Amino acid sequence: MTHLSMRFTHALPLLTLMLASSQSFAQILPENSLWLEDSQDRLANMTEQQFADLSKVVLDFYAPLAKIHGGELTVVNNWKDPTVNAYAEQEGNLWTVQMFGGLARRKEITLDGFQLVVCHEVGHHLGGFPMEADVWFADEGQADYFATETCAKGIWGNDLEVNATFRATAPELVRTSCDRAYATEAEQNLCYRSSVGGLSLANLLAALGYSGAPAFEKPDPKIVTATNHEHPKAQCRLDTYFNGALCDNMLDLQKEIPGKETPEGGDSLEAEKQSQASSCYTYSKDAFASRPRCWFAPRVGI
């Protein structure tokens, strides 16, 4: 995450020019210079209209749920901006997601991968625990988990024909794991699609040069002793998207955002206990479908 303030010139992309001032922003990628590789003439996986339409699908689904919790959720589409990132911010009851054309034009980003980025940023607003103390937004890892555990089920749950196309193309490990997690073909197909979409995002993070190419077959062996509130490495993030897709639970946002309104705070034990009911939570190091231990350190056993 990066703490930013508003200042804009024409020399650099908008997000690069927002200087540190407060804990008001959360962004999907670390600050980077990938915007230097951007060109609006490059062959991209989506058009400007698709860029707007994909964001709108997520906004239309989650704006009413944000309103229950006092937020006016909006998505701002910055197609011409070369920034390779996306971020969420809150000012009072205005909850904003900023999406950028520089990210959408990356070769690693598929249509589904892009839509999961929007889900990730919405997850900063609605994902809840774990949250760093004294900030409003869900951790990077939690926003990743929210994207596939909750958001993908909301926006793609009824796309039965599209979801079914992944039965023939998803990697074998994805298919066997999703088949273990879900009993019906419709649920399995959605799990395949969500997992493959997560790989797109992990590949983009790997393009920053922080780690090798992520793979479903090579889960991150790291076990943290304290929850990482920053950006996990690419493989760890793929593990998070995959486990979120495998989780047969999801947030009930009509009821609560775990930790968001907890008097003890979003990083408290009470918030952690509250989150157990709406996730695949276990203290086990090898837990199937739970938040991976490469970034999440549970404190409450069940």
# chains A, B, ... in the order shown; residues from 1 in each chain; ligands from 1
call {"tool": "residues_around", "arguments": {"residues": "A:Ala215", "least_positions_apart": "3", "cutoff": "9 Å", "atoms": "only C-alpha atoms", "output": "VMD selection string"}}
result
chain A and resid 199 202 218 to 219 235 238 to 239
call {"tool": "select_by_dssp", "arguments": {"residues": "stretch 11-250 of chain A", "states": "strand (DSSP E or B)", "output": "list in words"}}
result
Leu19, Phe25, Ala26, Gln27, Glu72, Leu73, Thr74, Val75, Val76, Asn77, Asn78, Ala86, Tyr87, Ala88, Glu89, Gln90, Glu91, Leu94, Trp95, Thr96, Val97, Gln98, Met99, Phe100, Met131 and Ala138 of chain A
call {"tool": "residues_around", "arguments": {"residues": "A:Asn93", "least_positions_apart": "3", "cutoff": "8 Å", "atoms": "only C-alpha atoms", "output": "PyMOL selection string"}}
result
chain A and resi 70-72+90
call {"tool": "closest_residue", "arguments": {"among": "A:Met131, A:Leu94, A:Ala289, A:Ile28", "to": "A:Thr148", "atoms": "only C-alpha atoms"}}
result
A:Ala289
call {"tool": "closest_residue", "arguments": {"among": "A:Trp295, A:Trp35, A:Phe114, A:Trp95", "to": "A:Lys67", "atoms": "only C-alpha atoms"}}
result
A:Trp95
call {"tool": "residues_around", "arguments": {"residues": "stretch 102-111 of chain A", "least_positions_apart": "4", "cutoff": "9 Å", "atoms": "only C-alpha atoms", "output": "ChimeraX atom specification"}}
result
/A:34-35,37-40,42-47,50-51,54,78-86,115-116,197,200-204,207
call {"tool": "write_last_selection", "arguments": {"atoms": "N, CA and C atoms", "output": "short mmCIF file (atom, residue, chain, number, x, y, z; two decimals), in the first residue's frame"}}
result
data_model
loop_
_atom_site.label_atom_id
_atom_site.label_comp_id
_atom_site.auth_asym_id
_atom_site.auth_seq_id
_atom_site.Cartn_x
_atom_site.Cartn_y
_atom_site.Cartn_z
N LEU A 34 6.26 0.85 -14.77
CA LEU A 34 5.76 0.17 -15.96
C LEU A 34 4.99 1.10 -16.89
N TRP A 35 4.53 2.23 -16.36
CA TRP A 35 3.82 3.19 -17.20
C TRP A 35 4.69 3.68 -18.37
N GLU A 37 6.30 1.92 -20.32
CA GLU A 37 6.15 0.98 -21.43
C GLU A 37 4.80 1.14 -22.13
N ASP A 38 3.93 2.00 -21.61
CA ASP A 38 2.56 2.07 -22.13
C ASP A 38 2.47 2.88 -23.41
N SER A 39 1.54 2.48 -24.27
CA SER A 39 1.19 3.24 -25.46
C SER A 39 -0.27 2.95 -25.77
N GLN A 40 -1.03 3.98 -26.04
CA GLN A 40 -2.44 3.77 -26.37
C GLN A 40 -2.62 3.11 -27.73
N ARG A 42 -0.85 0.38 -28.55
CA ARG A 42 -0.47 -1.02 -28.44
C ARG A 42 -1.72 -1.90 -28.53
N LEU A 43 -1.53 -3.11 -29.01
CA LEU A 43 -2.62 -4.07 -29.10
C LEU A 43 -2.93 -4.58 -27.70
N ALA A 44 -4.12 -4.26 -27.21
CA ALA A 44 -4.50 -4.62 -25.85
C ALA A 44 -5.57 -5.71 -25.88
N ASN A 45 -5.80 -6.31 -24.72
CA ASN A 45 -6.81 -7.37 -24.61
C ASN A 45 -8.22 -6.82 -24.50
N MET A 46 -8.35 -5.48 -24.43
CA MET A 46 -9.69 -4.90 -24.30
C MET A 46 -9.73 -3.53 -24.95
N THR A 47 -10.93 -3.11 -25.28
CA THR A 47 -11.16 -1.77 -25.82
C THR A 47 -11.52 -0.81 -24.69
N GLN A 50 -14.93 -1.75 -23.38
CA GLN A 50 -14.89 -2.91 -22.47
C GLN A 50 -14.33 -2.51 -21.11
N PHE A 51 -13.32 -1.67 -21.12
CA PHE A 51 -12.71 -1.14 -19.90
C PHE A 51 -13.80 -0.52 -19.00
N LEU A 54 -16.68 -3.37 -17.99
CA LEU A 54 -16.27 -4.34 -16.98
C LEU A 54 -16.29 -3.71 -15.59
N ASN A 78 -9.92 5.95 -15.93
CA ASN A 78 -8.90 6.82 -16.49
C ASN A 78 -8.21 6.10 -17.66
N TRP A 79 -8.92 5.94 -18.77
CA TRP A 79 -8.41 5.14 -19.89
C TRP A 79 -7.12 5.69 -20.47
N LYS A 80 -6.99 7.00 -20.57
CA LYS A 80 -5.82 7.60 -21.21
C LYS A 80 -4.60 7.63 -20.30
N ASP A 81 -4.80 7.46 -19.01
CA ASP A 81 -3.68 7.53 -18.06
C ASP A 81 -2.85 6.25 -18.15
N PRO A 82 -1.52 6.35 -18.31
CA PRO A 82 -0.67 5.17 -18.48
C PRO A 82 -0.33 4.43 -17.19
N THR A 83 -0.82 4.89 -16.06
CA THR A 83 -0.51 4.25 -14.77
C THR A 83 -0.82 2.76 -14.82
N VAL A 84 0.14 1.94 -14.41
CA VAL A 84 -0.07 0.50 -14.31
C VAL A 84 -0.34 0.20 -12.84
N ASN A 85 -1.57 0.46 -12.45
CA ASN A 85 -1.99 0.28 -11.06
C ASN A 85 -3.49 0.54 -10.99
N ALA A 86 -4.03 0.43 -9.80
CA ALA A 86 -5.41 0.79 -9.49
C ALA A 86 -5.44 1.07 -8.01
N GLN A 115 -11.23 -7.43 -14.43
CA GLN A 115 -12.41 -7.32 -13.59
C GLN A 115 -12.10 -7.72 -12.14
N LEU A 116 -11.17 -8.66 -11.96
CA LEU A 116 -10.75 -9.02 -10.60
C LEU A 116 -9.94 -7.90 -9.95
N GLY A 197 -8.44 -16.33 -13.66
CA GLY A 197 -8.38 -14.87 -13.62
C GLY A 197 -7.33 -14.38 -12.64
N SER A 200 -3.78 -14.26 -14.04
CA SER A 200 -3.49 -13.07 -14.82
C SER A 200 -2.90 -11.97 -13.95
N LEU A 201 -3.49 -11.76 -12.79
CA LEU A 201 -3.00 -10.70 -11.90
C LEU A 201 -1.65 -11.05 -11.31
N ALA A 202 -1.45 -12.30 -10.95
CA ALA A 202 -0.16 -12.72 -10.41
C ALA A 202 0.94 -12.57 -11.45
N ASN A 203 0.62 -12.85 -12.71
CA ASN A 203 1.61 -12.66 -13.78
C ASN A 203 2.00 -11.20 -13.94
N LEU A 204 1.04 -10.30 -13.74
CA LEU A 204 1.36 -8.88 -13.82
C LEU A 204 2.31 -8.48 -12.69
N ALA A 207 5.74 -9.40 -13.39
CA ALA A 207 6.38 -8.55 -14.40
C ALA A 207 7.17 -7.41 -13.76
#
call {"tool": "atom_distance", "arguments": {"atom1": "atom CA of A:Cys178", "atom2": "atom CA of A:Ala213"}}
result
22.1 Å
call {"tool": "residues_around", "arguments": {"residues": "A:Val224", "least_positions_apart": "4", "cutoff": "8 Å", "atoms": "only C-alpha atoms", "output": "PyMOL selection string"}}
result
chain A and resi 228+293-297
call {"tool": "write_last_selection", "arguments": {"atoms": "N, CA and C atoms", "output": "short mmCIF file (atom, residue, chain, number, x, y, z; two decimals), in the first residue's frame"}}
result
data_model
loop_
_atom_site.label_atom_id
_atom_site.label_comp_id
_atom_site.auth_asym_id
_atom_site.auth_seq_id
_atom_site.Cartn_x
_atom_site.Cartn_y
_atom_site.Cartn_z
N ASN A 228 1.14 -10.02 7.14
CA ASN A 228 1.78 -9.03 6.28
C ASN A 228 0.72 -8.07 5.75
N ARG A 293 -0.92 -18.92 4.48
CA ARG A 293 -0.03 -18.54 5.58
C ARG A 293 1.21 -17.79 5.10
N CYS A 294 1.39 -17.66 3.79
CA CYS A 294 2.52 -16.87 3.28
C CYS A 294 2.33 -15.39 3.55
N TRP A 295 1.10 -14.97 3.90
CA TRP A 295 0.89 -13.56 4.29
C TRP A 295 0.01 -13.41 5.52
N PHE A 296 -0.83 -14.42 5.83
CA PHE A 296 -1.78 -14.31 6.93
C PHE A 296 -1.38 -15.19 8.10
N ALA A 297 -1.35 -14.60 9.28
CA ALA A 297 -1.02 -15.33 10.50
C ALA A 297 -2.24 -15.32 11.42
#
call {"tool": "residues_around", "arguments": {"residues": "A:Asp159", "least_positions_apart": "3", "cutoff": "10 Å", "atoms": "only C-alpha atoms", "output": "ChimeraX atom specification"}}
result
/A:153,155-156,162-164,186,189-190
call {"tool": "select_by_dssp", "arguments": {"residues": "stretch 34-240 of chain A", "states": "alpha helix (DSSP H)", "output": "ChimeraX atom specification"}}
result
/A:48-68,101-104,111-126,140-146,152-156,160-164,172-181,185-206,234-240
call {"tool": "write_last_selection", "arguments": {"atoms": "C-alpha atoms", "output": "CSV table (one decimal), in the first residue's frame"}}
result
chain,number,residue,atom,x,y,z
A,48,GLU,CA,-11.9,1.5,-24.0
A,49,GLN,CA,-15.6,0.5,-24.0
A,50,GLN,CA,-14.9,-2.9,-22.5
A,51,PHE,CA,-12.7,-1.1,-19.9
A,52,ALA,CA,-15.7,0.9,-18.8
A,53,ASP,CA,-18.3,-1.9,-19.1
A,54,LEU,CA,-16.3,-4.3,-17.0
A,55,SER,CA,-15.9,-1.8,-14.2
A,56,LYS,CA,-19.6,-0.9,-14.4
A,57,VAL,CA,-20.6,-4.6,-13.8
A,58,VAL,CA,-18.7,-4.6,-10.5
A,59,LEU,CA,-20.0,-1.2,-9.5
A,60,ASP,CA,-23.6,-2.0,-10.2
A,61,PHE,CA,-23.4,-5.1,-8.0
A,62,TYR,CA,-21.6,-3.6,-5.1
A,63,ALA,CA,-22.7,0.0,-4.9
A,64,PRO,CA,-26.0,-1.0,-3.2
A,65,LEU,CA,-24.1,-3.1,-0.7
A,66,ALA,CA,-21.7,-0.3,0.1
A,67,LYS,CA,-24.7,2.0,0.7
A,68,ILE,CA,-25.9,-0.3,3.5
A,101,GLY,CA,-5.7,2.4,-18.9
A,102,GLY,CA,-2.1,1.6,-18.4
A,103,LEU,CA,-3.0,-1.4,-16.4
A,104,ALA,CA,-5.7,-2.5,-18.8
A,111,LEU,CA,-10.7,-9.3,-19.4
A,112,ASP,CA,-11.3,-11.5,-16.3
A,113,GLY,CA,-8.0,-10.4,-14.7
A,114,PHE,CA,-9.0,-6.8,-15.1
A,115,GLN,CA,-12.4,-7.3,-13.6
A,116,LEU,CA,-10.8,-9.0,-10.6
A,117,VAL,CA,-8.6,-5.9,-10.2
A,118,VAL,CA,-11.8,-3.9,-9.8
A,119,CYS,CA,-13.0,-6.5,-7.4
A,120,HIS,CA,-9.7,-6.2,-5.4
A,121,GLU,CA,-10.2,-2.4,-5.1
A,122,VAL,CA,-13.8,-2.9,-4.0
A,123,GLY,CA,-12.4,-5.4,-1.5
A,124,HIS,CA,-10.3,-2.6,0.1
A,125,HIS,CA,-13.7,-1.0,0.9
A,126,LEU,CA,-15.8,-4.0,1.7
A,140,GLU,CA,-3.7,-6.3,0.2
A,141,GLY,CA,-4.0,-10.0,0.9
A,142,GLN,CA,-7.6,-9.7,2.1
A,143,ALA,CA,-8.5,-7.6,-1.0
A,144,ASP,CA,-7.1,-10.4,-3.1
A,145,TYR,CA,-9.0,-13.0,-1.1
A,146,PHE,CA,-12.2,-11.0,-1.4
A,152,ALA,CA,-16.3,-13.2,-8.4
A,153,LYS,CA,-19.2,-15.2,-7.1
A,154,GLY,CA,-21.4,-12.1,-7.2
A,155,ILE,CA,-20.5,-10.8,-10.7
A,156,TRP,CA,-20.0,-14.1,-12.5
A,160,LEU,CA,-23.1,-20.1,-16.7
A,161,GLU,CA,-22.2,-20.4,-20.4
A,162,VAL,CA,-19.0,-18.4,-20.1
A,163,ASN,CA,-18.0,-20.2,-16.9
A,164,ALA,CA,-18.5,-23.6,-18.5
A,172,GLU,CA,-5.5,-29.9,-14.2
A,173,LEU,CA,-4.6,-28.9,-10.7
A,174,VAL,CA,-7.3,-26.1,-10.8
A,175,ARG,CA,-9.9,-28.6,-12.0
A,176,THR,CA,-9.1,-31.3,-9.4
A,177,SER,CA,-9.0,-28.8,-6.6
A,178,CYS,CA,-12.2,-27.0,-7.6
A,179,ASP,CA,-13.9,-30.4,-8.0
A,180,ARG,CA,-12.9,-31.3,-4.5
A,181,ALA,CA,-14.3,-28.0,-3.2
A,185,GLU,CA,-20.7,-28.3,-12.2
A,186,ALA,CA,-21.8,-24.7,-12.1
A,187,GLU,CA,-19.9,-24.1,-8.9
A,188,GLN,CA,-16.8,-25.9,-10.3
A,189,ASN,CA,-16.9,-23.9,-13.5
A,190,LEU,CA,-17.0,-20.7,-11.6
A,191,CYS,CA,-14.1,-21.8,-9.5
A,192,TYR,CA,-12.1,-22.6,-12.6
A,193,ARG,CA,-12.7,-19.2,-14.0
A,194,SER,CA,-11.9,-17.3,-10.8
A,195,SER,CA,-8.6,-19.2,-10.4
A,196,VAL,CA,-7.5,-18.6,-14.0
A,197,GLY,CA,-8.4,-14.9,-13.6
A,198,GLY,CA,-6.2,-14.7,-10.5
A,199,LEU,CA,-3.2,-16.1,-12.5
A,200,SER,CA,-3.5,-13.1,-14.8
A,201,LEU,CA,-3.0,-10.7,-11.9
A,202,ALA,CA,-0.2,-12.7,-10.4
A,203,ASN,CA,1.6,-12.7,-13.8
A,204,LEU,CA,1.4,-8.9,-13.8
A,205,LEU,CA,2.9,-8.6,-10.4
A,206,ALA,CA,5.7,-11.0,-11.5
A,234,ALA,CA,3.4,-12.9,-6.9
A,235,GLN,CA,3.2,-16.6,-5.9
A,236,CYS,CA,1.7,-15.8,-2.6
A,237,ARG,CA,-0.9,-13.7,-4.3
A,238,LEU,CA,-1.8,-16.4,-6.8
A,239,ASP,CA,-2.2,-18.8,-3.8
A,240,THR,CA,-4.6,-16.3,-2.3
call {"tool": "residues_around", "arguments": {"residues": "A:Ala133", "least_positions_apart": "4", "cutoff": "8 Å", "atoms": "only C-alpha atoms", "output": "ChimeraX atom specification"}}
result
/A:265-267
